[in-house]
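Worksheet: the structure to be examined is printed underneath.
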Amino acid sequence: MNVDLHGSIGVAGVGQSGPSAADPRSIPEMVLDAVERALGDAVVRWVDIDAVVTASVDLFDGLTASNVAVTEVIGAVMKPETRIAADGLCAAIHAACQLRAGACRTVLVVAHGKASMAPRAAIEAWAVDPIFLQPLGVNFSTIAGLEARLLCDRDPEAVERWGHVVARRRADAAPHGVAAAVAPEDVLAAPVLASPLTQAMEAPPADAAYAVVLRADGDGLPVRWVAAGHDLEAHAPGDRPLSSRPGLRRAFDRACRSAALAPDAPFGLLEPSCRYPHEEDLLRQVLGAACKSAAISPGGGLYAGDAPCAAGLGRLVDAARRLRDEPRLGRALVHGAWGPAGQGQAVAILEAAP
Amino acid sequence: MIREGSIHIPFTYAAGRAASRFLVVLRDEGRILGSPCPACRRVLCPARSFCPRCGEETGEPVVVDPAGTVVSFTETAAGVFGLVRPDGADTAMLHRLLPAGAKWTIGARVRARLLPERTGSITDIEGFEPLEATEDHA
Ligand SMILES: [Zn+2]
């Protein structure tokens, strides 16, 4: 294999299965569907795939080391398979590193999440510190409420704006998503989730699998993977500033440095993993001028269906499709997040071929 | 077809050196401990054995005040939760705010309300209640 280490990486193909509210298929069937679509889109066969990276978190699958269930349907038997226990966008970042290292030429990235298997809030209550937080019965939405409160305390118009943002995302997502459109006033009037957030403000949980084929020597491809960065915050919500996202800032700065991009270089498209509307405010804070004229989640983003651990790879799939269809958008920022109050943050920068 | 299942596996979680001391002192003396970081000089509360920002081992735990300030709060179906920074600490504890029906604001002054019978759990603190309420009782 002869790979140019400084050559470009391209998004060769994308595929997805779902989102749906409750997919009657097994996880391997959902994953196989997404993989076959991605391979077909990339016009490659299983034999052309050099390595596979998957993302999943077993608590969500109700099965210890649940990624063992998908090894066969991702064609990873007798191939290098890497398993990431974080958002799917991190799996794509790992794949890009393998390509940059010259270890492979074509890598398949897969993430799945099946939220219908168990109550999301109950699972996330097990994903917080077992000594100081679990006994209190808090989960991720509780911590998101604490975050949102800080933002609306200094911006009295924030909550009403969030009502409009969510209504817009839900309307954009409704034709292909798992939930219906909701009017702004109904978003605000919905029962409280964790004040100031209402239940309608939370992106609906869903079942979905996503697959992406990344390839070295991507110059001939319509969408290129330019750079990426990721970062982790402290776990305890009381240890970090909840009214800003310094982890996202560091991840974004790393990606910009790696791409030799000025931090205010404009993006034409943002595909953020925002489960709550205040998280878009936090993202805008970080991006500043870079996102001024960007289209944000034209397909509704996570409001089409938020599949645990898979959402960030879903954003990559949507962004790659959009750049192919509308190359004039130029540059896209894809975002993935995981953990309470976005403890983990990942971004990738894509560009449409000139 | 769907097979219904549920996972019931008893677990034991070791609190570790610093958190165990926090829980024992909370149970036996009704006091709240924080851990000073020798590098960033912050007092981390609840006590823990290393600073997540610096990676430094923390020093001998110090007692922080049961009174503190509400940094943020949220109302949920399960009650009101808040981040409370105890006086003498530089980080906030996530805990219940009592009573649930009260009108909360960021910056409100509160004090920890302890259970009379304590077992060595973070729930030995029932929650934080408005400082005026505790003064009325006194
Ligand atoms: Zn420190």
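Within each chain, counting starts at residue 1; across the structure tokens, chains are named A, B, ... in the order shown, with ligands numbered 1 upward in that order.
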**Prompt:** Would you list which chain B residues are within 10 Å of chain A using only C-alpha atoms, as a ChimeraX atom specification?
**Reply:** /B:1-2,4-7,12-16,19-20,23,44-46,51-53,71-85,90-96,105-106,121-123,126-127
Residues of stretch 29-178 of chain A in strand (DSSP E), written as a tab-separated table (two decimals) with N, CA and C atoms, in the first residue's frame:
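Generated file (out_6.tsv):
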chain	number	residue	atom	x	y	z
A	51	ALA	N	-10.16	-1.45	7.22
A	51	ALA	CA	-10.34	-1.44	8.68
A	51	ALA	C	-11.71	-0.86	9.00
A	52	VAL	N	-12.18	-1.16	10.21
A	52	VAL	CA	-13.50	-0.67	10.64
A	52	VAL	C	-13.37	-0.03	12.02
A	53	VAL	N	-14.08	1.07	12.22
A	53	VAL	CA	-14.16	1.68	13.55
A	53	VAL	C	-15.64	1.78	13.91
A	54	THR	N	-16.01	1.30	15.09
A	54	THR	CA	-17.40	1.39	15.52
A	54	THR	C	-17.51	2.20	16.80
A	55	ALA	N	-18.66	2.80	17.00
A	55	ALA	CA	-18.94	3.51	18.25
A	55	ALA	C	-20.23	2.97	18.84
A	81	GLU	N	-10.50	-4.05	13.74
A	81	GLU	CA	-11.70	-3.33	14.16
A	81	GLU	C	-11.38	-2.58	15.44
A	82	THR	N	-11.71	-1.30	15.48
A	82	THR	CA	-11.50	-0.48	16.67
A	82	THR	C	-12.86	-0.11	17.21
A	83	ARG	N	-13.01	-0.20	18.53
A	83	ARG	CA	-14.31	0.09	19.14
A	83	ARG	C	-14.20	1.29	20.06
A	84	ILE	N	-15.00	2.28	19.76
A	84	ILE	CA	-14.96	3.54	20.50
A	84	ILE	C	-16.20	3.63	21.38
A	106	THR	N	-8.85	2.60	2.96
A	106	THR	CA	-10.30	2.78	3.02
A	106	THR	C	-10.80	2.27	4.37
A	107	VAL	N	-11.49	3.11	5.12
A	107	VAL	CA	-11.97	2.72	6.45
A	107	VAL	C	-13.48	2.93	6.53
A	108	LEU	N	-14.14	1.95	7.11
A	108	LEU	CA	-15.59	2.03	7.33
A	108	LEU	C	-15.84	2.46	8.77
A	109	VAL	N	-16.70	3.45	8.95
A	109	VAL	CA	-17.04	3.94	10.29
A	109	VAL	C	-18.53	3.66	10.53
A	110	VAL	N	-18.83	3.07	11.68
A	110	VAL	CA	-20.20	2.66	11.95
A	110	VAL	C	-20.59	3.08	13.37
A	111	ALA	N	-21.80	3.58	13.53
A	111	ALA	CA	-22.33	3.85	14.88
A	111	ALA	C	-23.81	3.50	14.89
A	112	HIS	N	-24.23	2.94	16.02
A	112	HIS	CA	-25.66	2.62	16.13
A	112	HIS	C	-26.16	3.01	17.51
A	113	GLY	N	-27.45	3.28	17.60
A	113	GLY	CA	-28.07	3.54	18.89
A	113	GLY	C	-29.52	3.13	18.80
A	114	LYS	N	-29.99	2.43	19.82
A	114	LYS	CA	-31.38	1.97	19.78
A	114	LYS	C	-32.06	2.41	21.07
**Request:** Could you pull out the residues sitting within 9 Å of ligand 1, using only C-alpha atoms and all ligand atoms, and write them as a ChimeraX atom specification?
**Result:** /B:36-44,50-58
Got time to write the residues from that selection, N, CA, C and O atoms, as a PDB file, in the first residue's frame?
ATOM      1  N   PRO B  36      -8.120  20.687  49.065  1.00  0.00           N
ATOM      2  CA  PRO B  36      -7.351  21.752  48.412  1.00  0.00           C
ATOM      3  C   PRO B  36      -6.398  21.192  47.358  1.00  0.00           C
ATOM      4  O   PRO B  36      -5.749  20.164  47.587  1.00  0.00           O
ATOM      5  N   CYS B  37      -6.351  21.860  46.195  1.00  0.00           N
ATOM      6  CA  CYS B  37      -5.383  21.457  45.165  1.00  0.00           C
ATOM      7  C   CYS B  37      -4.131  22.304  45.356  1.00  0.00           C
ATOM      8  O   CYS B  37      -4.224  23.541  45.374  1.00  0.00           O
ATOM      9  N   PRO B  38      -2.965  21.672  45.516  1.00  0.00           N
ATOM     10  CA  PRO B  38      -1.739  22.450  45.745  1.00  0.00           C
ATOM     11  C   PRO B  38      -1.324  23.259  44.512  1.00  0.00           C
ATOM     12  O   PRO B  38      -0.589  24.233  44.650  1.00  0.00           O
ATOM     13  N   ALA B  39      -1.813  22.887  43.339  1.00  0.00           N
ATOM     14  CA  ALA B  39      -1.380  23.577  42.121  1.00  0.00           C
ATOM     15  C   ALA B  39      -2.267  24.784  41.812  1.00  0.00           C
ATOM     16  O   ALA B  39      -1.785  25.907  41.718  1.00  0.00           O
ATOM     17  N   CYS B  40      -3.597  24.573  41.677  1.00  0.00           N
ATOM     18  CA  CYS B  40      -4.470  25.698  41.296  1.00  0.00           C
ATOM     19  C   CYS B  40      -5.053  26.401  42.509  1.00  0.00           C
ATOM     20  O   CYS B  40      -5.746  27.409  42.366  1.00  0.00           O
ATOM     21  N   ARG B  41      -4.789  25.862  43.726  1.00  0.00           N
ATOM     22  CA  ARG B  41      -5.202  26.496  44.983  1.00  0.00           C
ATOM     23  C   ARG B  41      -6.722  26.492  45.166  1.00  0.00           C
ATOM     24  O   ARG B  41      -7.226  27.189  46.047  1.00  0.00           O
ATOM     25  N   ARG B  42      -7.429  25.765  44.310  1.00  0.00           N
ATOM     26  CA  ARG B  42      -8.876  25.701  44.514  1.00  0.00           C
ATOM     27  C   ARG B  42      -9.175  24.679  45.612  1.00  0.00           C
ATOM     28  O   ARG B  42      -8.457  23.706  45.784  1.00  0.00           O
ATOM     29  N   VAL B  43     -10.264  24.932  46.348  1.00  0.00           N
ATOM     30  CA  VAL B  43     -10.781  23.918  47.268  1.00  0.00           C
ATOM     31  C   VAL B  43     -11.929  23.215  46.549  1.00  0.00           C
ATOM     32  O   VAL B  43     -12.932  23.845  46.203  1.00  0.00           O
ATOM     33  N   LEU B  44     -11.732  21.915  46.292  1.00  0.00           N
ATOM     34  CA  LEU B  44     -12.692  21.148  45.514  1.00  0.00           C
ATOM     35  C   LEU B  44     -13.693  20.493  46.446  1.00  0.00           C
ATOM     36  O   LEU B  44     -13.308  19.854  47.427  1.00  0.00           O
ATOM     37  N   PHE B  50      -7.830  13.857  43.796  1.00  0.00           N
ATOM     38  CA  PHE B  50      -6.955  14.553  42.837  1.00  0.00           C
ATOM     39  C   PHE B  50      -7.756  15.657  42.172  1.00  0.00           C
ATOM     40  O   PHE B  50      -8.995  15.640  42.161  1.00  0.00           O
ATOM     41  N   CYS B  51      -7.045  16.628  41.646  1.00  0.00           N
ATOM     42  CA  CYS B  51      -7.701  17.755  40.987  1.00  0.00           C
ATOM     43  C   CYS B  51      -7.924  17.410  39.522  1.00  0.00           C
ATOM     44  O   CYS B  51      -6.966  17.106  38.813  1.00  0.00           O
ATOM     45  N   PRO B  52      -9.171  17.451  39.043  1.00  0.00           N
ATOM     46  CA  PRO B  52      -9.422  17.063  37.657  1.00  0.00           C
ATOM     47  C   PRO B  52      -8.804  18.033  36.653  1.00  0.00           C
ATOM     48  O   PRO B  52      -8.581  17.672  35.508  1.00  0.00           O
ATOM     49  N   ARG B  53      -8.524  19.255  37.086  1.00  0.00           N
ATOM     50  CA  ARG B  53      -7.944  20.223  36.162  1.00  0.00           C
ATOM     51  C   ARG B  53      -6.429  20.060  36.085  1.00  0.00           C
ATOM     52  O   ARG B  53      -5.833  20.136  35.024  1.00  0.00           O
ATOM     53  N   CYS B  54      -5.780  19.825  37.240  1.00  0.00           N
ATOM     54  CA  CYS B  54      -4.307  19.807  37.284  1.00  0.00           C
ATOM     55  C   CYS B  54      -3.747  18.395  37.311  1.00  0.00           C
ATOM     56  O   CYS B  54      -2.562  18.201  37.035  1.00  0.00           O
ATOM     57  N   GLY B  55      -4.568  17.425  37.711  1.00  0.00           N
ATOM     58  CA  GLY B  55      -4.049  16.067  37.865  1.00  0.00           C
ATOM     59  C   GLY B  55      -3.201  15.905  39.116  1.00  0.00           C
ATOM     60  O   GLY B  55      -2.561  14.878  39.304  1.00  0.00           O
ATOM     61  N   GLU B  56      -3.203  16.921  39.981  1.00  0.00           N
ATOM     62  CA  GLU B  56      -2.392  16.872  41.211  1.00  0.00           C
ATOM     63  C   GLU B  56      -3.145  16.145  42.317  1.00  0.00           C
ATOM     64  O   GLU B  56      -4.369  16.280  42.437  1.00  0.00           O
ATOM     65  N   GLU B  57      -2.394  15.433  43.162  1.00  0.00           N
ATOM     66  CA  GLU B  57      -2.990  14.857  44.351  1.00  0.00           C
ATOM     67  C   GLU B  57      -3.382  16.003  45.289  1.00  0.00           C
ATOM     68  O   GLU B  57      -2.600  16.936  45.474  1.00  0.00           O
ATOM     69  N   THR B  58      -4.574  15.913  45.860  1.00  0.00           N
ATOM     70  CA  THR B  58      -5.012  17.007  46.733  1.00  0.00           C
ATOM     71  C   THR B  58      -4.399  16.856  48.117  1.00  0.00           C
ATOM     72  O   THR B  58      -3.951  15.770  48.512  1.00  0.00           O
TER      73      THR B  58
END
**Message:** Calculated over only C-alpha atoms, which of the candidates A:Ala122, A:Glu157, A:Gly218, A:Ala208 has the smallest distance to A:Ala34?
**Reply:**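 Selected residue with least distance to A:Ala34: A:Ala208.
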**Message:** Give me, as a list in words, all polymer residues having an atom no more than 6 Å from stretch 249-259 of chain A, counting only C-alpha atoms and skipping those fewer than 2 positions away in the same chain.
**Reply:**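 The filter keeps Ala227, Ala228, Gly229, His230, Asp231, Pro246, Gly247, Leu261 and Val286 of chain A.
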If you keep N, CA, C and O atoms, can you produce a file of those selected residues as a PDB file, in the first residue's frame?
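File produced: selection.pdb:
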ATOM      1  N   ALA A 227     -10.225  18.326   8.670  1.00  0.00           N
ATOM      2  CA  ALA A 227      -9.563  18.301   9.977  1.00  0.00           C
ATOM      3  C   ALA A 227     -10.581  17.958  11.052  1.00  0.00           C
ATOM      4  O   ALA A 227     -11.794  17.986  10.801  1.00  0.00           O
ATOM      5  N   ALA A 228     -10.073  17.667  12.240  1.00  0.00           N
ATOM      6  CA  ALA A 228     -10.969  17.346  13.356  1.00  0.00           C
ATOM      7  C   ALA A 228     -10.270  17.658  14.671  1.00  0.00           C
ATOM      8  O   ALA A 228      -9.047  17.809  14.727  1.00  0.00           O
ATOM      9  N   GLY A 229     -11.060  17.752  15.718  1.00  0.00           N
ATOM     10  CA  GLY A 229     -10.518  17.925  17.060  1.00  0.00           C
ATOM     11  C   GLY A 229     -11.522  17.412  18.067  1.00  0.00           C
ATOM     12  O   GLY A 229     -12.720  17.393  17.795  1.00  0.00           O
ATOM     13  N   HIS A 230     -11.047  16.960  19.208  1.00  0.00           N
ATOM     14  CA  HIS A 230     -11.984  16.589  20.266  1.00  0.00           C
ATOM     15  C   HIS A 230     -11.392  16.901  21.626  1.00  0.00           C
ATOM     16  O   HIS A 230     -10.200  17.212  21.749  1.00  0.00           O
ATOM     17  N   ASP A 231     -12.237  16.827  22.652  1.00  0.00           N
ATOM     18  CA  ASP A 231     -11.811  17.311  23.965  1.00  0.00           C
ATOM     19  C   ASP A 231     -12.781  16.787  25.023  1.00  0.00           C
ATOM     20  O   ASP A 231     -13.941  16.506  24.728  1.00  0.00           O
ATOM     21  N   PRO A 246     -15.816  25.422  27.199  1.00  0.00           N
ATOM     22  CA  PRO A 246     -14.379  25.499  26.886  1.00  0.00           C
ATOM     23  C   PRO A 246     -13.863  24.255  26.185  1.00  0.00           C
ATOM     24  O   PRO A 246     -12.916  24.339  25.388  1.00  0.00           O
ATOM     25  N   GLY A 247     -14.474  23.106  26.442  1.00  0.00           N
ATOM     26  CA  GLY A 247     -14.040  21.876  25.758  1.00  0.00           C
ATOM     27  C   GLY A 247     -14.303  21.957  24.268  1.00  0.00           C
ATOM     28  O   GLY A 247     -13.478  21.549  23.443  1.00  0.00           O
ATOM     29  N   LEU A 261      -6.684  26.942   9.377  1.00  0.00           N
ATOM     30  CA  LEU A 261      -7.822  27.849   9.145  1.00  0.00           C
ATOM     31  C   LEU A 261      -7.814  28.920  10.226  1.00  0.00           C
ATOM     32  O   LEU A 261      -7.597  28.607  11.393  1.00  0.00           O
ATOM     33  N   VAL A 286     -18.889  29.811  20.833  1.00  0.00           N
ATOM     34  CA  VAL A 286     -17.550  29.337  20.480  1.00  0.00           C
ATOM     35  C   VAL A 286     -17.197  29.754  19.056  1.00  0.00           C
ATOM     36  O   VAL A 286     -16.090  30.220  18.791  1.00  0.00           O
TER      37      VAL A 286
END
**Request:** Any chance you could list, as a PyMOL selection string, the residues in stretch 21-222 of chain A that come up alpha helix (DSSP H) when DSSP is run on the backbone?
**Result:** chain A and resi 27-42+58-61+88-100+120-125+140-154+158-173+184-189
**Request:** Name the closest residue to B:Gly68 among the candidates B:Ala112, B:Trp104, B:Arg27, B:Arg21; distances are taken between atoms, counting only C-alpha atoms.
**Result:** B:Ala112
